[in-house]
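Asker: Following this line is final33.tsv, made up of TSV, C-alpha atoms:
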chain	number	residue	atom	x	y	z
A	1	ALA	CA	15.62	-11.17	-5.07
A	2	SER	CA	16.48	-14.10	-2.82
A	3	PRO	CA	15.17	-17.52	-3.94
A	4	VAL	CA	12.15	-18.74	-1.97
A	5	LEU	CA	12.52	-21.99	-0.06
A	6	PHE	CA	9.23	-23.90	0.17
A	7	TRP	CA	8.19	-26.80	2.37
A	8	THR	CA	5.02	-28.71	3.24
A	9	ALA	CA	4.13	-30.64	6.39
A	10	ASP	CA	1.33	-32.90	7.59
A	11	LEU	CA	-1.12	-32.12	10.39
A	12	HIS	CA	1.50	-33.21	12.93
A	13	GLY	CA	4.05	-30.74	11.62
A	14	GLN	CA	6.21	-33.45	10.02
A	15	ILE	CA	7.94	-32.23	6.86
A	16	ASP	CA	6.94	-34.30	3.80
A	17	TRP	CA	8.39	-32.18	0.96
A	18	VAL	CA	10.84	-29.33	0.29
A	19	ASN	CA	11.55	-27.68	-3.04
A	20	ARG	CA	14.77	-27.80	-5.08
A	21	ARG	CA	15.84	-24.35	-3.89
A	22	TRP	CA	15.62	-25.56	-0.29
A	23	LEU	CA	17.92	-28.46	-1.13
A	24	ASP	CA	20.32	-26.18	-3.01
A	25	PHE	CA	20.39	-23.80	-0.03
A	26	THR	CA	21.00	-26.45	2.65
A	27	GLY	CA	23.01	-28.92	0.57
A	28	ARG	CA	20.84	-31.75	1.89
A	29	THR	CA	18.52	-34.33	0.32
A	30	GLN	CA	14.75	-34.77	0.50
A	31	ALA	CA	15.23	-37.78	2.76
A	32	ASP	CA	17.43	-35.74	5.10
A	33	GLU	CA	14.64	-33.20	5.63
A	34	TRP	CA	11.62	-35.50	6.06
A	35	GLY	CA	9.90	-35.68	9.41
A	36	GLU	CA	11.94	-33.60	11.84
A	37	GLY	CA	15.25	-34.13	10.05
A	38	TRP	CA	15.27	-30.57	8.75
A	39	VAL	CA	15.49	-29.23	12.33
A	40	GLN	CA	19.17	-30.23	12.25
A	41	SER	CA	19.78	-27.23	9.98
A	42	ILE	CA	18.33	-24.69	12.43
A	43	HIS	CA	20.75	-22.78	14.66
A	44	PRO	CA	20.76	-24.44	18.12
A	45	ASP	CA	19.75	-21.17	19.78
A	46	ASP	CA	16.68	-20.89	17.53
A	47	VAL	CA	15.34	-24.46	17.68
A	48	ALA	CA	13.12	-23.93	20.73
A	49	LEU	CA	11.63	-20.74	19.29
A	50	ARG	CA	10.83	-22.40	15.94
A	51	CYS	CA	9.38	-25.51	17.58
A	52	ALA	CA	7.16	-23.39	19.85
A	53	ALA	CA	5.83	-21.45	16.84
A	54	MET	CA	5.04	-24.69	15.00
A	55	GLN	CA	3.39	-26.21	18.07
A	56	ALA	CA	1.13	-23.17	18.42
A	57	ALA	CA	0.23	-23.47	14.74
A	58	LEU	CA	-0.65	-27.15	15.19
A	59	VAL	CA	-2.94	-26.42	18.12
A	60	ASN	CA	-4.61	-23.30	16.76
A	61	ARG	CA	-4.43	-24.05	13.01
A	62	GLN	CA	-3.18	-20.49	12.61
A	63	PRO	CA	-0.44	-19.01	10.38
A	64	PHE	CA	2.79	-17.65	11.81
A	65	SER	CA	5.76	-15.57	10.74
A	66	LEU	CA	9.22	-16.02	12.26
A	67	GLU	CA	12.87	-15.09	11.80
A	68	TYR	CA	15.57	-17.64	12.60
A	69	ARG	CA	18.95	-18.87	11.41
A	70	LEU	CA	19.25	-21.75	8.95
A	71	ARG	CA	22.51	-23.46	8.03
A	72	HIS	CA	23.60	-22.83	4.45
A	73	GLN	CA	25.44	-25.48	2.44
A	74	ASP	CA	28.67	-23.51	3.00
A	75	GLY	CA	28.36	-24.14	6.75
A	76	ASP	CA	27.39	-20.58	7.70
A	77	PHE	CA	24.06	-19.78	9.28
A	78	ARG	CA	21.84	-17.41	7.32
A	79	TRP	CA	18.90	-15.44	8.67
A	80	VAL	CA	15.61	-16.40	7.05
A	81	MET	CA	12.08	-15.04	7.31
A	82	GLU	CA	9.58	-17.90	7.43
A	83	GLN	CA	5.85	-17.68	6.66
A	84	CYS	CA	3.65	-20.66	7.51
A	85	LEU	CA	0.00	-21.19	6.50
A	86	PRO	CA	-2.46	-24.08	7.03
A	87	ARG	CA	-3.21	-26.13	3.90
A	88	LEU	CA	-6.93	-26.68	3.30
A	89	ASP	CA	-8.78	-29.26	1.21
A	90	ALA	CA	-11.79	-28.63	-1.04
A	91	ASP	CA	-14.06	-28.59	2.02
A	92	LEU	CA	-11.79	-26.01	3.71
A	93	GLN	CA	-10.63	-28.60	6.22
A	94	PRO	CA	-6.96	-28.47	7.31
A	95	VAL	CA	-4.78	-31.18	5.78
A	96	GLY	CA	-1.36	-29.83	6.72
A	97	PHE	CA	0.84	-26.78	6.40
A	98	ILE	CA	2.83	-24.99	3.74
A	99	GLY	CA	5.72	-22.67	4.48
A	100	SER	CA	8.23	-20.46	2.74
A	101	CYS	CA	11.59	-19.04	3.79
A	102	VAL	CA	13.47	-16.08	2.32
A	103	ASP	CA	17.12	-15.28	3.06
A	104	ILE	CA	17.19	-11.93	4.91
A	105	SER	CA	20.86	-12.01	5.94
A	106	GLU	CA	21.72	-8.85	3.99
A	107	LEU	CA	18.89	-6.99	5.73
A	108	LYS	CA	20.13	-8.20	9.12
A	109	ARG	CA	23.65	-7.00	8.35
A	110	ALA	CA	22.30	-3.62	7.31
A	111	GLU	CA	20.30	-3.36	10.54
A	112	GLU	CA	23.40	-4.20	12.56
A	113	ALA	CA	25.41	-1.54	10.72
A	114	VAL	CA	22.72	1.02	11.58
A	115	ARG	CA	22.77	-0.03	15.25
A	116	THR	CA	26.57	0.17	15.36
A	117	ARG	CA	26.59	3.61	13.78
A	118	GLY	CA	23.86	4.77	16.15
A	119	ALA	CA	25.83	3.56	19.18
A	120	MET	CA	28.93	5.36	17.91
A	121	LEU	CA	26.99	8.61	17.50
A	122	GLU	CA	25.51	8.29	20.98
A	123	THR	CA	29.03	7.90	22.39
A	124	VAL	CA	30.12	11.03	20.54
A	125	PHE	CA	27.09	12.94	21.76
A	126	GLU	CA	27.76	12.01	25.40
A	127	VAL	CA	31.20	13.65	25.41
A	128	LEU	CA	30.58	16.38	22.88
A	129	GLN	CA	30.64	19.91	24.26
A	130	ASP	CA	30.25	21.77	20.96
A	131	ARG	CA	27.53	21.65	18.35
A	132	LEU	CA	27.34	18.72	15.97
A	133	PHE	CA	25.58	18.79	12.60
A	134	VAL	CA	25.09	15.60	10.56
A	135	ILE	CA	24.83	16.29	6.83
A	136	ASP	CA	23.94	13.61	4.27
A	137	SER	CA	25.35	13.07	0.77
A	138	ASN	CA	22.87	15.57	-0.65
A	139	ASN	CA	24.17	18.31	1.68
A	140	ARG	CA	20.98	18.07	3.71
A	141	PHE	CA	20.95	18.56	7.50
A	142	VAL	CA	19.65	15.32	9.02
A	143	TYR	CA	20.69	15.63	12.67
A	144	TYR	CA	21.69	18.29	15.17
A	145	HIS	CA	23.10	17.93	18.68
A	146	GLY	CA	23.78	20.94	20.86
A	147	LEU	CA	22.17	23.90	22.52
A	148	GLU	CA	19.09	25.58	21.12
A	149	ASP	CA	20.17	29.16	21.74
A	150	GLU	CA	21.10	32.43	20.08
A	151	GLY	CA	24.33	30.86	18.82
A	152	LEU	CA	22.38	29.19	16.02
A	153	TYR	CA	21.81	31.01	12.76
A	154	THR	CA	18.29	29.52	12.73
A	155	PRO	CA	16.49	27.07	15.10
A	156	SER	CA	17.09	23.39	14.36
A	157	ASP	CA	13.44	22.69	13.65
A	158	MET	CA	13.73	25.17	10.78
A	159	PHE	CA	16.91	23.77	9.17
A	160	LEU	CA	16.64	20.00	9.67
A	161	GLY	CA	15.67	18.42	6.36
A	162	LYS	CA	16.94	21.39	4.36
A	163	THR	CA	20.17	21.72	2.38
A	164	ILE	CA	23.09	23.90	3.40
A	165	ALA	CA	22.30	26.31	0.56
A	166	GLU	CA	18.73	26.65	1.80
A	167	VAL	CA	19.82	27.56	5.33
A	168	VAL	CA	22.88	29.85	5.22
A	169	PRO	CA	24.02	32.63	2.88
A	170	SER	CA	25.42	31.46	-0.46
A	171	ASP	CA	29.04	32.43	0.29
A	172	VAL	CA	29.00	30.43	3.54
A	173	ALA	CA	27.19	27.54	1.85
A	174	ARG	CA	29.94	27.30	-0.79
A	175	VAL	CA	32.63	27.08	1.90
A	176	ILE	CA	30.82	24.38	3.87
A	177	GLU	CA	29.87	22.36	0.78
A	178	HIS	CA	33.49	22.45	-0.42
A	179	GLU	CA	34.74	21.13	2.93
A	180	MET	CA	32.03	18.45	3.08
A	181	GLN	CA	33.11	17.22	-0.33
A	182	LYS	CA	36.63	16.68	1.02
A	183	ALA	CA	35.29	15.01	4.14
A	184	ARG	CA	33.34	12.48	2.07
A	185	VAL	CA	36.55	11.08	0.60
A	186	GLY	CA	38.02	10.57	4.04
A	187	GLN	CA	39.76	13.85	4.79
A	188	LEU	CA	39.50	15.50	8.19
A	189	CYS	CA	38.70	19.13	7.46
A	190	ASP	CA	39.26	22.13	9.71
A	191	PHE	CA	37.83	25.38	8.41
A	192	GLU	CA	36.37	28.73	9.40
A	193	TYR	CA	33.40	30.77	8.33
A	194	ALA	CA	31.46	33.81	9.52
A	195	LEU	CA	27.73	34.35	10.02
A	196	ASP	CA	25.71	37.41	10.97
A	197	LEU	CA	23.55	35.90	13.72
A	198	PRO	CA	20.09	37.45	14.03
A	199	ARG	CA	20.49	38.24	17.76
A	200	ARG	CA	24.25	38.36	18.21
A	201	GLY	CA	25.52	40.01	15.08
A	202	PRO	CA	28.65	38.91	13.19
A	203	ARG	CA	30.36	35.84	14.62
A	204	HIS	CA	33.29	33.69	13.48
A	205	PHE	CA	33.11	29.91	13.75
A	206	ASN	CA	35.75	27.16	13.74
A	207	ALA	CA	34.42	23.91	12.32
A	208	ARG	CA	35.66	20.39	11.67
A	209	GLY	CA	34.22	18.01	9.08
A	210	ALA	CA	34.63	14.25	9.01
A	211	ARG	CA	32.89	11.33	7.35
A	212	ILE	CA	30.81	9.06	9.58
A	213	PRO	CA	31.78	5.44	8.81
A	214	ASP	CA	29.19	3.47	6.78
A	215	SER	CA	27.20	6.64	6.15
So, in terms of structure tokens, how does the structure I just supplied come out?
Answerer:
Amino acid sequence: ASPVLFWTADLHGQIDWVNRRWLDFTGRTQADEWGEGWVQSIHPDDVALRCAAMQAALVNRQPFSLEYRLRHQDGDFRWVMEQCLPRLDADLQPVGFIGSCVDISELKRAEEAVRTRGAMLETVFEVLQDRLFVIDSNNRFVYYHGLEDEGLYTPSDMFLGKTIAEVVPSDVARVIEHEMQKARVGQLCDFEYALDLPRRGPRHFNARGARIPDS
């Protein structure tokens, strides 16, 4: 788990303390961060957003949650998720704020990889004239693109989420699973198989298998 960076601020939003993990993360000192000094570590494009969130908290005495980029001691900006809550005294009167930040950079990179892969698939789908089946590492059908017609062995709503072996005859399943195993190690596989379609009878199919990057 990522270390939690804690800070406290007075009723005016001025930072008066940060924990050791904050200092280790930013490579700065307590004195550097006091008041509004810590804002120097926020990415320039995120400063206005963070200041607006804090200003709203000061006016409304309400918590907030925000994602922004904070400069790491290595000079790179890391994405953090910040949670801010009012601090209350024994009489439940506000005396300031306390906040925490967690590094979510890995999550952001994973989200970007998913978006990139999704965009790539959409590009493929736009030009694809044949049927496309996406099969995961467990040989389970997770996506289908193409016509819903008599050329399918079974309708897509009946095979999505099921394994190859659960959908087609065992001899065909063995052929496809064998080719998918080769595709997973980076080979481009061209192969053939035959199916007895419910409404069209025996048909031969030419197929190509390839690994989707980052899948």
Asker: Which residues are close to Pro86 (chain A), i.e. within 9 Å by all atoms listed in the file, leaving aside same-chain residues fewer than 2 positions away? Reply as a PyMOL selection string.
Answerer: chain A and resi 11+57-58+61-63+84+88+94-99
Asker: So which residues touch Gln55 (chain A) within 8 Å, counting all atoms listed in the file, skipping near sequence neighbours fewer than 4 positions away, as a PyMOL selection string?
Answerer: chain A and resi 13+51+59
Asker: Please identify all polymer residues within 7 Å of Trp79 (chain A), counting all atoms listed in the file, omitting same-chain residues fewer than 3 positions from it, and present them as a ChimeraX atom specification.
Answerer: /A:67-70,103-105
Asker: I'd like to know which of A:Ala90, A:Gly35, A:Ile42, A:Cys101 is closest to Arg21 (chain A), using all atoms listed in the file.
Answerer: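 With all atoms listed in the file as the atom set, the closest residue is A:Cys101.
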Asker: Between A:Leu188, A:Ala56, A:Val4, A:Met158, single out the one closest to Leu23 (chain A), counting all atoms listed in the file.
Answerer: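 So, comparing all the options, the nearest one is A:Val4.
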Asker: Excluding Val185 (chain A) and any residue of its chain fewer than 2 positions from it, enumerate the residues within 12 Å of it, using only C-alpha atoms, and give them as a ChimeraX atom specification.
Answerer: /A:137,178-183,187-189,209-213,215
Asker: Which residues are close to region 28-32 of chain A, i.e. within 7 Å by only C-alpha atoms, leaving aside same-chain residues fewer than 3 positions away? Reply as a list in words.
Answerer: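 Selected residues are Trp17, Val18, Leu23, Gly37 and Trp38 of chain A.
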Asker: Provide the CA of Arg50 (chain A) to CA of Phe64 (chain A) distance in Å, to one decimal place.
Answerer: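 Computing it gives 10.2 Å between the two atoms.
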Asker: If you measure from CA of Gln73 (chain A) to CA of Gly27 (chain A), what distance in Å do you get, rounded to one decimal?
Answerer: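 Separation of CA of Gln73 (chain A) and CA of Gly27 (chain A): 4.6 Å.
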Asker: I'd like the interatomic distance between CA of Val47 (chain A) and CA of Pro3 (chain A), to a tenth of an Å.
Answerer: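 CA of Val47 (chain A) sits 22.7 Å away from CA of Pro3 (chain A).
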Asker: Select, counting only C-alpha atoms, all protein, DNA and RNA residues no farther than 8 Å from (9.9, -21.0, 1.4) in file coordinates, and express the selection as a ChimeraX atom specification.
Answerer: /A:4-7,22,82-83,99-102
Asker: For C-alpha atoms, I'd like the residues from the last selection saved as an mmCIF file, in the coordinates of the input.
Answerer:
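Below is the file selection_39.cif, written as the result:
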data_model
loop_
_atom_site.group_PDB
_atom_site.id
_atom_site.type_symbol
_atom_site.label_atom_id
_atom_site.label_comp_id
_atom_site.auth_asym_id
_atom_site.auth_seq_id
_atom_site.Cartn_x
_atom_site.Cartn_y
_atom_site.Cartn_z
ATOM 1 C CA VAL A 4 12.150 -18.740 -1.970
ATOM 2 C CA LEU A 5 12.520 -21.990 -0.060
ATOM 3 C CA PHE A 6 9.230 -23.900 0.170
ATOM 4 C CA TRP A 7 8.190 -26.800 2.370
ATOM 5 C CA TRP A 22 15.620 -25.560 -0.290
ATOM 6 C CA GLU A 82 9.580 -17.900 7.430
ATOM 7 C CA GLN A 83 5.850 -17.680 6.660
ATOM 8 C CA GLY A 99 5.720 -22.670 4.480
ATOM 9 C CA SER A 100 8.230 -20.460 2.740
ATOM 10 C CA CYS A 101 11.590 -19.040 3.790
ATOM 11 C CA VAL A 102 13.470 -16.080 2.320
#
Asker: Padding 3 Å on each side, edges along x, y and z: where is the centre of the box around the listed atoms of region 35-46 of chain A, and how long are its edges in Å to one decimal? Output it as lines of an AutoDock Vina configuration file.
Answerer:
center_x = 15.3
center_y = -28.3
center_z = 14.3
size_x = 16.9
size_y = 20.8
size_z = 17.0
Asker: Pick from A:Met54, A:Leu152, A:Ile15, A:Asp74: nearest to Arg203 (chain A), with all atoms listed in the file counted?
Answerer: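 Of all the options, A:Leu152 lies closest to Arg203 (chain A).
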Asker: Give as a short mmCIF file (atom, residue, chain, number, x, y, z; two decimals) with C-alpha atoms, keeping the file's coordinate frame every residue, naming chains and numbers as the document does, that has an atom within 12 Å of (19.3, 36.6, 18.8), counting only C-alpha atoms.
Answerer:
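The resulting point.cif:
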data_model
loop_
_atom_site.label_atom_id
_atom_site.label_comp_id
_atom_site.auth_asym_id
_atom_site.auth_seq_id
_atom_site.Cartn_x
_atom_site.Cartn_y
_atom_site.Cartn_z
CA GLU A 148 19.09 25.58 21.12
CA ASP A 149 20.17 29.16 21.74
CA GLU A 150 21.10 32.43 20.08
CA GLY A 151 24.33 30.86 18.82
CA LEU A 152 22.38 29.19 16.02
CA TYR A 153 21.81 31.01 12.76
CA THR A 154 18.29 29.52 12.73
CA PRO A 155 16.49 27.07 15.10
CA ASP A 196 25.71 37.41 10.97
CA LEU A 197 23.55 35.90 13.72
CA PRO A 198 20.09 37.45 14.03
CA ARG A 199 20.49 38.24 17.76
CA ARG A 200 24.25 38.36 18.21
CA GLY A 201 25.52 40.01 15.08
CA PRO A 202 28.65 38.91 13.19
CA ARG A 203 30.36 35.84 14.62
#
Asker: Which residue out of A:Leu195, A:Ala113, A:Ile135, A:Ala52 has the minimum interatomic distance to Glu177 (chain A) when all atoms listed in the file are used?
Answerer: A:Ile135
Asker: Find, counting all atoms listed in the file, the residue in A:Phe159, A:Ile176, A:Tyr143, A:Glu112 that gets nearest to Phe191 (chain A).
Answerer: A:Ile176
Asker: Which is closest to Val168 (chain A) among A:Tyr193, A:Phe25, A:Trp34, A:Phe77, if we use only C-alpha atoms?
Answerer: A:Tyr193
